[in-house]
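Peer 1: Let me begin by handing over the structure; questions about it come next.
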Amino acid sequence: MKDIFTISTLRFKLLRINFLDTISIQIRALVTILPYLLFVDYFKVSNEINIMFIVVSFLITLYLGNNIIMISMYMLDEKKKGRTNYYKIMNISTIKIMLGNIIPWLVVSLLGIIFTYIVVSFLLNFRYTEVNIPLAILIFILVSVQSVLLGNIICYFVLKRNNIRIVFYVFSLILFFSGYLYPIAVLPIYLRFIAFLNPLYYGLDLIRYYLSINPATQINVSIEWAIFIASMILLLSVNWILISTKKFEKSFI
């Protein structure tokens, strides 16, 4: 825990030093979605439930996507700056390096998402009914962990190839088939099947379900939970293999 805290402290300092860049990332969510939502609300093109669907889907996907991308960016930065050699001498494990870098980002990113949601909710006067907050929070936490696990796997290939573009290519595909701004029911059946293979889809769909934004899920809720848990176990297993076989350590060379 001490090593993770030390690395996290360093990352927080870097975020503070690059204050303007950090703030710009948080503001990006607000300036990206708000003009569109105000336009929709002004012309009454969509009802409130659809606007809420867009807001929650967009913000959660932005949050998860940034988590996946930033792991690769931070770890590749550690490799290029040569700090991993220092960590190796200090006998700090790869998993501690990863956690020490991503935890500060999770905190900053989450605060930005919450800020954006509060502003949008206030301006558009959102009203919720039949919301299951405990389960919504639970699945949100699990999806956050899932994004880190998935990001860690992609990060391995980024480090191995020394190519940050890999994470953007992969995430673009994941994003398209996540139903992040639309129900996947609008997709053709053959593309809908690909979406069902996307591990992020189920977490996002369950969050919307427990917030009563998407009450009619494509798959039974119990089945969605089962698939989501299975995907978590699979991602944990792959991460364990990469770490236990020291493949991550070799990718830093």
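Identifiers in this document derive from the order of the structure tokens: chains are assigned A, B, ..., residues are numbered from 1 separately in each chain, and ligands are numbered from 1 in order of occurrence.
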Which neighbours of region 182-187 of chain A fall inside 12 Å, counting only C-alpha atoms, when residues of the same chain fewer than 2 positions from it are skipped, and could you give them as a VMD selection string?
Peer 2: chain A and resid 50 to 58 61 175 to 180 189 to 196 198 201 to 202 204 to 205 208 to 209 213 to 219
Peer 1: Write out as a PDB file with N, CA and C atoms, in the first residue's frame which residues come within 12 Å of Ile102 (chain A) when counting only C-alpha atoms, dropping same-chain ones fewer than 5 positions away.
Peer 2:
ATOM      1  N   ILE A   4       1.959   2.058  -3.581  1.00  0.00           N
ATOM      2  CA  ILE A   4       0.849   2.599  -4.353  1.00  0.00           C
ATOM      3  C   ILE A   4       0.600   4.061  -3.970  1.00  0.00           C
ATOM      4  N   PHE A   5       0.645   4.332  -2.662  1.00  0.00           N
ATOM      5  CA  PHE A   5       0.432   5.704  -2.180  1.00  0.00           C
ATOM      6  C   PHE A   5       1.510   6.640  -2.705  1.00  0.00           C
ATOM      7  N   ILE A   7       3.373   6.333  -5.478  1.00  0.00           N
ATOM      8  CA  ILE A   7       3.197   6.564  -6.915  1.00  0.00           C
ATOM      9  C   ILE A   7       1.982   7.448  -7.164  1.00  0.00           C
ATOM     10  N   SER A   8       0.907   7.203  -6.397  1.00  0.00           N
ATOM     11  CA  SER A   8      -0.305   8.015  -6.549  1.00  0.00           C
ATOM     12  C   SER A   8      -0.025   9.478  -6.197  1.00  0.00           C
ATOM     13  N   THR A   9       0.784   9.686  -5.156  1.00  0.00           N
ATOM     14  CA  THR A   9       1.140  11.051  -4.757  1.00  0.00           C
ATOM     15  C   THR A   9       1.889  11.753  -5.883  1.00  0.00           C
ATOM     16  N   LEU A  10       2.809  11.022  -6.530  1.00  0.00           N
ATOM     17  CA  LEU A  10       3.553  11.577  -7.658  1.00  0.00           C
ATOM     18  C   LEU A  10       2.612  11.937  -8.804  1.00  0.00           C
ATOM     19  N   ARG A  11       1.658  11.051  -9.083  1.00  0.00           N
ATOM     20  CA  ARG A  11       0.718  11.307 -10.184  1.00  0.00           C
ATOM     21  C   ARG A  11      -0.177  12.497  -9.869  1.00  0.00           C
ATOM     22  N   PHE A  12      -0.612  12.620  -8.609  1.00  0.00           N
ATOM     23  CA  PHE A  12      -1.422  13.776  -8.211  1.00  0.00           C
ATOM     24  C   PHE A  12      -0.621  15.069  -8.398  1.00  0.00           C
ATOM     25  N   LEU A  15      -0.599  15.884 -12.016  1.00  0.00           N
ATOM     26  CA  LEU A  15      -1.904  16.416 -12.411  1.00  0.00           C
ATOM     27  C   LEU A  15      -2.052  17.870 -11.970  1.00  0.00           C
ATOM     28  N   ASN A  66     -12.075   7.073 -20.878  1.00  0.00           N
ATOM     29  CA  ASN A  66     -10.876   7.759 -20.400  1.00  0.00           C
ATOM     30  C   ASN A  66     -10.056   6.872 -19.471  1.00  0.00           C
ATOM     31  N   ASN A  67     -10.734   6.066 -18.652  1.00  0.00           N
ATOM     32  CA  ASN A  67     -10.010   5.135 -17.780  1.00  0.00           C
ATOM     33  C   ASN A  67      -9.169   4.172 -18.605  1.00  0.00           C
ATOM     34  N   ILE A  68      -9.791   3.590 -19.622  1.00  0.00           N
ATOM     35  CA  ILE A  68      -9.104   2.618 -20.476  1.00  0.00           C
ATOM     36  C   ILE A  68      -7.920   3.255 -21.183  1.00  0.00           C
ATOM     37  N   ILE A  69      -8.108   4.453 -21.698  1.00  0.00           N
ATOM     38  CA  ILE A  69      -7.065   5.134 -22.465  1.00  0.00           C
ATOM     39  C   ILE A  69      -5.928   5.620 -21.563  1.00  0.00           C
ATOM     40  N   MET A  70      -6.278   6.198 -20.407  1.00  0.00           N
ATOM     41  CA  MET A  70      -5.261   6.806 -19.556  1.00  0.00           C
ATOM     42  C   MET A  70      -4.305   5.776 -18.956  1.00  0.00           C
ATOM     43  N   ILE A  71      -4.762   4.549 -18.735  1.00  0.00           N
ATOM     44  CA  ILE A  71      -3.853   3.512 -18.236  1.00  0.00           C
ATOM     45  C   ILE A  71      -2.689   3.343 -19.207  1.00  0.00           C
ATOM     46  N   SER A  72      -3.002   3.212 -20.491  1.00  0.00           N
ATOM     47  CA  SER A  72      -1.958   3.038 -21.498  1.00  0.00           C
ATOM     48  C   SER A  72      -1.071   4.275 -21.587  1.00  0.00           C
ATOM     49  N   MET A  73      -1.672   5.460 -21.524  1.00  0.00           N
ATOM     50  CA  MET A  73      -0.887   6.689 -21.632  1.00  0.00           C
ATOM     51  C   MET A  73       0.074   6.838 -20.455  1.00  0.00           C
ATOM     52  N   TYR A  74      -0.417   6.565 -19.243  1.00  0.00           N
ATOM     53  CA  TYR A  74       0.427   6.706 -18.056  1.00  0.00           C
ATOM     54  C   TYR A  74       1.542   5.664 -18.028  1.00  0.00           C
ATOM     55  N   MET A  75       1.194   4.425 -18.334  1.00  0.00           N
ATOM     56  CA  MET A  75       2.191   3.353 -18.271  1.00  0.00           C
ATOM     57  C   MET A  75       3.244   3.502 -19.370  1.00  0.00           C
ATOM     58  N   ILE A  95       1.786  -4.207 -10.893  1.00  0.00           N
ATOM     59  CA  ILE A  95       0.408  -3.914 -10.513  1.00  0.00           C
ATOM     60  C   ILE A  95       0.357  -2.682  -9.607  1.00  0.00           C
ATOM     61  N   LYS A  96       1.364  -2.501  -8.759  1.00  0.00           N
ATOM     62  CA  LYS A  96       1.407  -1.326  -7.896  1.00  0.00           C
ATOM     63  C   LYS A  96       1.663  -0.066  -8.713  1.00  0.00           C
ATOM     64  N   ILE A  97       2.500  -0.193  -9.739  1.00  0.00           N
ATOM     65  CA  ILE A  97       2.771   0.950 -10.621  1.00  0.00           C
ATOM     66  C   ILE A  97       1.485   1.374 -11.323  1.00  0.00           C
ATOM     67  N   VAL A 107     -10.078   9.392  -9.506  1.00  0.00           N
ATOM     68  CA  VAL A 107     -10.637  10.408  -8.613  1.00  0.00           C
ATOM     69  C   VAL A 107     -10.962  11.683  -9.384  1.00  0.00           C
ATOM     70  N   VAL A 108      -9.996  12.159 -10.161  1.00  0.00           N
ATOM     71  CA  VAL A 108     -10.176  13.411 -10.916  1.00  0.00           C
ATOM     72  C   VAL A 108     -11.277  13.254 -11.960  1.00  0.00           C
ATOM     73  N   SER A 109     -11.259  12.134 -12.673  1.00  0.00           N
ATOM     74  CA  SER A 109     -12.243  11.894 -13.725  1.00  0.00           C
ATOM     75  C   SER A 109     -13.651  11.788 -13.158  1.00  0.00           C
ATOM     76  N   LEU A 110     -13.787  11.081 -12.041  1.00  0.00           N
ATOM     77  CA  LEU A 110     -15.101  10.914 -11.417  1.00  0.00           C
ATOM     78  C   LEU A 110     -15.666  12.256 -10.962  1.00  0.00           C
ATOM     79  N   SER A 144     -16.375   0.405 -13.179  1.00  0.00           N
ATOM     80  CA  SER A 144     -15.114   1.146 -13.066  1.00  0.00           C
ATOM     81  C   SER A 144     -13.946   0.170 -12.968  1.00  0.00           C
ATOM     82  N   VAL A 145     -14.114  -0.854 -12.142  1.00  0.00           N
ATOM     83  CA  VAL A 145     -13.076  -1.892 -12.018  1.00  0.00           C
ATOM     84  C   VAL A 145     -12.899  -2.605 -13.354  1.00  0.00           C
ATOM     85  N   SER A 147     -13.382  -1.437 -16.339  1.00  0.00           N
ATOM     86  CA  SER A 147     -12.666  -0.592 -17.295  1.00  0.00           C
ATOM     87  C   SER A 147     -11.164  -0.619 -17.043  1.00  0.00           C
ATOM     88  N   VAL A 148     -10.771  -0.688 -15.767  1.00  0.00           N
ATOM     89  CA  VAL A 148      -9.343  -0.764 -15.423  1.00  0.00           C
ATOM     90  C   VAL A 148      -8.765  -2.104 -15.877  1.00  0.00           C
ATOM     91  N   LEU A 149      -9.499  -3.169 -15.654  1.00  0.00           N
ATOM     92  CA  LEU A 149      -9.037  -4.500 -16.067  1.00  0.00           C
ATOM     93  C   LEU A 149      -8.886  -4.573 -17.585  1.00  0.00           C
ATOM     94  N   GLY A 151      -8.584  -1.988 -19.629  1.00  0.00           N
ATOM     95  CA  GLY A 151      -7.530  -1.062 -20.014  1.00  0.00           C
ATOM     96  C   GLY A 151      -6.148  -1.632 -19.776  1.00  0.00           C
ATOM     97  N   ASN A 152      -6.017  -2.424 -18.727  1.00  0.00           N
ATOM     98  CA  ASN A 152      -4.729  -3.038 -18.410  1.00  0.00           C
ATOM     99  C   ASN A 152      -4.316  -4.041 -19.481  1.00  0.00           C
TER     100      ASN A 152
END
Peer 1: Residues within 10 Å of Thr84 (chain A), please, as a list in words. Count only C-alpha atoms; anything in the same chain fewer than 4 positions from it doesn't count.
Peer 2: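 Those residues are Met75, Leu76, Asp77, Glu78, Lys79, Lys80, Lys88, Ile89, Met90, Ile92, Ser93, Thr94, Ile97, Glu249, Phe252 and Ile253 of chain A.
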Peer 1: Let me make sure I understand: among A:Gly112, A:Pro134, A:Gly100, A:Pro199, which one has the smallest atom-to-atom distance to Lys2 (chain A) if we use only C-alpha atoms?
Peer 2: A:Gly100
Peer 1: Which is closest to Tyr117 (chain A) among A:Ile60, A:Leu138, A:Val143, A:Leu150, if we use only C-alpha atoms?
Peer 2: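 Checking each candidate against Tyr117 (chain A), we get A:Ile60 as the closest.
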Peer 1: Have a look at CA of Ile153 (chain A) and CA of Val238 (chain A) and let me know their distance in Å, one decimal.
Peer 2: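 That distance, rounded to one decimal, is 7.5 Å.
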Peer 1: Please give the complete set of residues from region 70-145 of chain A that DSSP, run on the backbone, assigns to helix (DSSP H, G or I), formatted as a ChimeraX atom specification.
Peer 2: /A:70-81,83-89,94-124,133-145
Peer 1: Quick one: residues within 7 Å of Leu159 (chain A), only C-alpha atoms, excluding same-chain residues fewer than 3 positions away - as JSON, numbers by chain?
Peer 2: {"A": [76, 155, 156, 162, 163, 251, 252]}
Peer 1: Could you check which of A:Tyr210, A:Ser237, A:Thr6, A:Gly65 is closest to Leu99 (chain A), using only C-alpha atoms?
Peer 2: A:Thr6
Peer 1: Report, in Å with one decimal, the straight-line distance from CA of Ala226 (chain A) to CA of Ile137 (chain A).
Peer 2: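 Computing the Euclidean distance for CA of Ala226 (chain A) and CA of Ile137 (chain A) yields 17.7 Å.
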